[in-house]
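Everything on this sheet refers to the single structure shown next.
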Amino acid sequence: MLPEDFKNKYNRILGDEYEDFLLSFDEPVQKAYRVNPLKPHPVISDTEDHGNLPYGKWGHFGAVNGHSVDHVTGVVYSQEPSAQFVGEVVRPNPCERVLDLAAAPGGKSTHLAAFMGQKGLLWSNEIFLNRAKILSENIERMGIKNAIVSSHTPVDLSSKLPSFFDKILLDAPCSGEGMFRKDPGAIAYWHEHYPAENATRQREILTEAVKMLRPGGQIVYSTCTFAPEEDEQIINWLMAAYPEFSLVSIEKPDGANLSDARHEWIDEAFVNGTTEHSATTKDVMKKAARLWPHKLEGEGHFVAKLVKANGDYDDVSVVKPLKNKPLDKQQREILSNFFEEALITFDQKANEYVLFGDHLYMAPIGTPDISSMKILRLGLELGLFKKKRFEPAHALALALNPVEVKQSYEMNPEEWAQFVHGDVIQTRLDLDKGWVLMTVNGNGAGWGRYVNGQIKNFFPKGLRFVVKK
């Protein structure tokens, strides 16, 4: 049940639209997903398609089964419809440096990666380590090669990466009012002063975010709340505190905003009883986007885009490049043997190889010095050195195109069920002894190793499951 203070607040704010807004909380939650263009064959096979989203070329209405072929091979990512609008606003270009500052569980990061096409540097950060691990797993499943996943506070990150990024997304921690229908449990945390408490934290995070943006760069600020304290008033504060920032108009779907004539409710109610920011608020409402559940098929969201002016006000720091210890002679030979045995072509440069213990990664071009940083994923994990051999990583299988490998094996439904269960695959195909990229629907699903008529299964034990018939 919605709190009375919440209902009274939005009755005052929404006026004639309040009843429709209130009724929207009784409507079913709209499920949606994105198709992943980074996959060799990004075509859905076992996921229902109930139509395209009104924005974005990859978005579809429909629910995703977490054990489906499409999900396990990273062809689809389940993401609420309104949340997909945020990535469309950021829309990074290939070769840019992009930061997703509060990235878990990964919906928006994986969306940004789709625009970047494996080029440039995507830095996905999550302060809470357990959530950062989930973020890293989703980055891996989607076959993303150019992402760094870290677990740092914004303060720690800004001290190491000043003026480093071209674009920054802050999907800010918020009161979550826009998710009440999807997650009724979030209602229990809400109280009259909860939005103001979150606004304090949002200002603190933005203070660090602006330090990491280069002159001429963009910040996209989003929340999943209706609260003006966390939306328009945060943008008002940002432009007052940092005059070098200006708003950029967002192309909005129909019905995204209230009438411009309603700007007065924000000022009257939420700026200490004054209307000193009235002109700015009008501008925010005109250029930013509010997605309302009674007007669009999706939950509540607020999105604003700001650009940082070019100028000499910024003492642009030079971030040191990646410090990289080269592979020793034996490691180079082992890796070379693996490439010769398993791969036809692979886009790699020796000076991008980075070892974490015995795990080998290929860092994105332009990776900075990561000394003393908490990094969970450094680009693409290639594999693990084991004594005198190299075992390829599951991440590599999910990132490869079958045309890049010497041997691939397209599984039928029965073999797929055996593979994800961890079983050995029996085959009469005449394969060479060695590594085999196991595929389904033309997309990498994991590794096998062929010996004497059977394929030994290397699908990770922690991911195995039983396919229900």
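If you're wondering about the labels, chains in the structure tokens are A, B, ... by order shown, residues count from 1 in each chain, ligands from 1 in order shown.
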
So which residues touch stretch 370-377 of chain A within 6 Å, counting only C-alpha atoms, skipping near sequence neighbours fewer than 5 positions away, as a PDB file with N, CA, C and O atoms, in the first residue's frame?
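Contents of the output file out.pdb:
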ATOM      1  N   ILE A 148      36.044  -2.326 -18.356  1.00  0.00           N
ATOM      2  CA  ILE A 148      36.721  -2.512 -17.077  1.00  0.00           C
ATOM      3  C   ILE A 148      35.654  -2.440 -15.992  1.00  0.00           C
ATOM      4  O   ILE A 148      34.826  -1.521 -15.985  1.00  0.00           O
ATOM      5  N   VAL A 149      35.657  -3.400 -15.088  1.00  0.00           N
ATOM      6  CA  VAL A 149      34.707  -3.405 -13.975  1.00  0.00           C
ATOM      7  C   VAL A 149      35.482  -3.182 -12.686  1.00  0.00           C
ATOM      8  O   VAL A 149      36.436  -3.910 -12.387  1.00  0.00           O
ATOM      9  N   SER A 150      35.084  -2.167 -11.926  1.00  0.00           N
ATOM     10  CA  SER A 150      35.762  -1.845 -10.677  1.00  0.00           C
ATOM     11  C   SER A 150      34.751  -1.743  -9.549  1.00  0.00           C
ATOM     12  O   SER A 150      33.541  -1.648  -9.768  1.00  0.00           O
ATOM     13  N   SER A 151      35.276  -1.747  -8.312  1.00  0.00           N
ATOM     14  CA  SER A 151      34.439  -1.570  -7.128  1.00  0.00           C
ATOM     15  C   SER A 151      35.080  -0.514  -6.247  1.00  0.00           C
ATOM     16  O   SER A 151      35.924  -0.813  -5.397  1.00  0.00           O
TER      17      SER A 151
END

All helix (DSSP H, G or I) positions in stretch 44-213 of chain A, as a PyMOL selection string: chain A and resi 69-72+81-90+107-116+129-141+154-160+177-179+184-189+194-212

Close residues, A:Tyr221 itself excluded, 8 Å, only C-alpha atoms, min 2 positions apart in chain, as JSON, numbers by chain: {"A": [169, 170, 171, 172, 219, 223, 303, 304, 305]}

Closest of A:Trp416, A:Leu384, A:Asp183, A:His67 to A:Pro28 - atom-to-atom distances counting only C-alpha atoms: A:Asp183

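Atom CA of A:Tyr55 is found 22.5 Å from atom CA of A:Ala104.
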
For stretch 119-134 of chain A: contacts at 6 Å, only C-alpha atoms, fewer than 4 positions along chain excluded, given as a list in words: Pro94, Cys95, Glu96, Arg97, Val98, Leu99, Asp100, Leu101, Ala102, Ala103, Ala104, Pro105, Asn146, Ala147, Ile148, Val149, Ser150, Ser151, His152 and Thr153 of chain A

Would you put the residues from that selection into a file with N, CA and C atoms, as a tab-separated table (two decimals), in the first residue's frame?
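Saved file again-v9.tsv follows:
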chain	number	residue	atom	x	y	z
A	94	PRO	N	31.80	4.87	-30.69
A	94	PRO	CA	32.99	4.02	-30.62
A	94	PRO	C	34.23	4.86	-30.38
A	95	CYS	N	35.17	4.30	-29.64
A	95	CYS	CA	36.46	4.93	-29.34
A	95	CYS	C	36.40	5.98	-28.23
A	96	GLU	N	35.23	6.26	-27.66
A	96	GLU	CA	35.16	7.18	-26.54
A	96	GLU	C	35.52	6.47	-25.23
A	97	ARG	N	35.86	7.28	-24.23
A	97	ARG	CA	36.03	6.78	-22.86
A	97	ARG	C	34.75	7.10	-22.10
A	98	VAL	N	34.09	6.05	-21.61
A	98	VAL	CA	32.76	6.20	-21.02
A	98	VAL	C	32.76	5.57	-19.64
A	99	LEU	N	32.18	6.30	-18.68
A	99	LEU	CA	32.07	5.81	-17.31
A	99	LEU	C	30.61	5.62	-16.94
A	100	ASP	N	30.27	4.43	-16.47
A	100	ASP	CA	28.99	4.17	-15.82
A	100	ASP	C	29.31	4.06	-14.33
A	101	LEU	N	28.99	5.12	-13.59
A	101	LEU	CA	29.52	5.29	-12.25
A	101	LEU	C	28.83	4.40	-11.20
A	102	ALA	N	27.56	4.12	-11.38
A	102	ALA	CA	26.82	3.26	-10.44
A	102	ALA	C	26.14	2.19	-11.29
A	103	ALA	N	26.90	1.18	-11.73
A	103	ALA	CA	26.53	0.39	-12.90
A	103	ALA	C	25.76	-0.89	-12.63
A	104	ALA	N	25.83	-1.46	-11.43
A	104	ALA	CA	25.18	-2.76	-11.20
A	104	ALA	C	23.66	-2.63	-11.35
A	105	PRO	N	23.01	-3.68	-11.87
A	105	PRO	CA	23.56	-4.99	-12.25
A	105	PRO	C	24.15	-5.06	-13.64
A	146	ASN	N	35.66	-4.63	-24.19
A	146	ASN	CA	36.34	-3.37	-23.90
A	146	ASN	C	35.91	-2.72	-22.58
A	147	ALA	N	35.41	-3.53	-21.63
A	147	ALA	CA	34.92	-2.98	-20.37
A	147	ALA	C	35.84	-3.31	-19.20
A	148	ILE	N	36.04	-2.33	-18.36
A	148	ILE	CA	36.72	-2.51	-17.08
A	148	ILE	C	35.65	-2.44	-15.99
A	149	VAL	N	35.66	-3.40	-15.09
A	149	VAL	CA	34.71	-3.41	-13.97
A	149	VAL	C	35.48	-3.18	-12.69
A	150	SER	N	35.08	-2.17	-11.93
A	150	SER	CA	35.76	-1.85	-10.68
A	150	SER	C	34.75	-1.74	-9.55
A	151	SER	N	35.28	-1.75	-8.31
A	151	SER	CA	34.44	-1.57	-7.13
A	151	SER	C	35.08	-0.51	-6.25
A	152	HIS	N	34.69	0.74	-6.48
A	152	HIS	CA	35.28	1.87	-5.76
A	152	HIS	C	34.22	2.88	-5.37
A	153	THR	N	34.51	3.67	-4.35
A	153	THR	CA	33.69	4.82	-4.05
A	153	THR	C	33.96	5.88	-5.11

Proximity to A:Ala114 - best of A:Arg34, A:Ser45, A:Asp156, A:Arg201, only C-alpha atoms: A:Arg34

Given only C-alpha atoms as the counted atoms, nearest of A:Glu341, A:Asp70, A:Glu192, A:Asp26 to A:Phe180: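 Between A:Glu341, A:Asp70, A:Glu192, A:Asp26, the residue approaching A:Phe180 most closely is A:Asp26.
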
Residues near stretch 331-336 of chain A, cut-off 8 Å, only C-alpha atoms, skip fewer than 2 positions along chain, as a PyMOL selection string: chain A and resi 327-329+338-340+385+388-390

Output for the residues just chosen: N, CA, C and O atoms as a PDB file, in the first residue's frame:
ATOM      1  N   LEU A 327      54.756 -10.791 -20.499  1.00  0.00           N
ATOM      2  CA  LEU A 327      54.771 -12.230 -20.285  1.00  0.00           C
ATOM      3  C   LEU A 327      56.201 -12.756 -20.401  1.00  0.00           C
ATOM      4  O   LEU A 327      57.006 -12.243 -21.176  1.00  0.00           O
ATOM      5  N   ASP A 328      56.506 -13.792 -19.624  1.00  0.00           N
ATOM      6  CA  ASP A 328      57.843 -14.368 -19.748  1.00  0.00           C
ATOM      7  C   ASP A 328      57.891 -15.286 -20.974  1.00  0.00           C
ATOM      8  O   ASP A 328      56.876 -15.531 -21.646  1.00  0.00           O
ATOM      9  N   LYS A 329      59.051 -15.825 -21.256  1.00  0.00           N
ATOM     10  CA  LYS A 329      59.255 -16.616 -22.466  1.00  0.00           C
ATOM     11  C   LYS A 329      58.342 -17.828 -22.511  1.00  0.00           C
ATOM     12  O   LYS A 329      57.725 -18.124 -23.544  1.00  0.00           O
ATOM     13  N   PHE A 338      48.501 -22.014 -27.995  1.00  0.00           N
ATOM     14  CA  PHE A 338      47.037 -22.022 -27.913  1.00  0.00           C
ATOM     15  C   PHE A 338      46.435 -21.316 -29.120  1.00  0.00           C
ATOM     16  O   PHE A 338      45.486 -21.826 -29.744  1.00  0.00           O
ATOM     17  N   PHE A 339      46.958 -20.140 -29.461  1.00  0.00           N
ATOM     18  CA  PHE A 339      46.441 -19.415 -30.617  1.00  0.00           C
ATOM     19  C   PHE A 339      46.575 -20.252 -31.891  1.00  0.00           C
ATOM     20  O   PHE A 339      45.659 -20.303 -32.711  1.00  0.00           O
ATOM     21  N   GLU A 340      47.700 -20.903 -32.036  1.00  0.00           N
ATOM     22  CA  GLU A 340      47.934 -21.711 -33.234  1.00  0.00           C
ATOM     23  C   GLU A 340      46.980 -22.903 -33.285  1.00  0.00           C
ATOM     24  O   GLU A 340      46.493 -23.272 -34.358  1.00  0.00           O
ATOM     25  N   PHE A 385      46.770 -19.720 -17.255  1.00  0.00           N
ATOM     26  CA  PHE A 385      47.971 -20.539 -17.412  1.00  0.00           C
ATOM     27  C   PHE A 385      47.946 -21.647 -16.367  1.00  0.00           C
ATOM     28  O   PHE A 385      47.863 -21.384 -15.169  1.00  0.00           O
ATOM     29  N   LYS A 388      51.964 -26.203 -17.938  1.00  0.00           N
ATOM     30  CA  LYS A 388      52.548 -25.963 -19.255  1.00  0.00           C
ATOM     31  C   LYS A 388      51.482 -25.904 -20.349  1.00  0.00           C
ATOM     32  O   LYS A 388      51.760 -26.206 -21.521  1.00  0.00           O
ATOM     33  N   ARG A 389      50.290 -25.471 -19.951  1.00  0.00           N
ATOM     34  CA  ARG A 389      49.231 -25.340 -20.943  1.00  0.00           C
ATOM     35  C   ARG A 389      48.376 -24.115 -20.640  1.00  0.00           C
ATOM     36  O   ARG A 389      48.485 -23.510 -19.567  1.00  0.00           O
ATOM     37  N   PHE A 390      47.540 -23.755 -21.590  1.00  0.00           N
ATOM     38  CA  PHE A 390      46.671 -22.590 -21.457  1.00  0.00           C
ATOM     39  C   PHE A 390      45.224 -23.043 -21.601  1.00  0.00           C
ATOM     40  O   PHE A 390      44.867 -23.693 -22.583  1.00  0.00           O
TER      41      PHE A 390
END

All strand (DSSP E or B) positions in stretch 186-343 of chain A, as a ChimeraX atom specification: /A:213-223,245-248,289-291,301-308,321,343
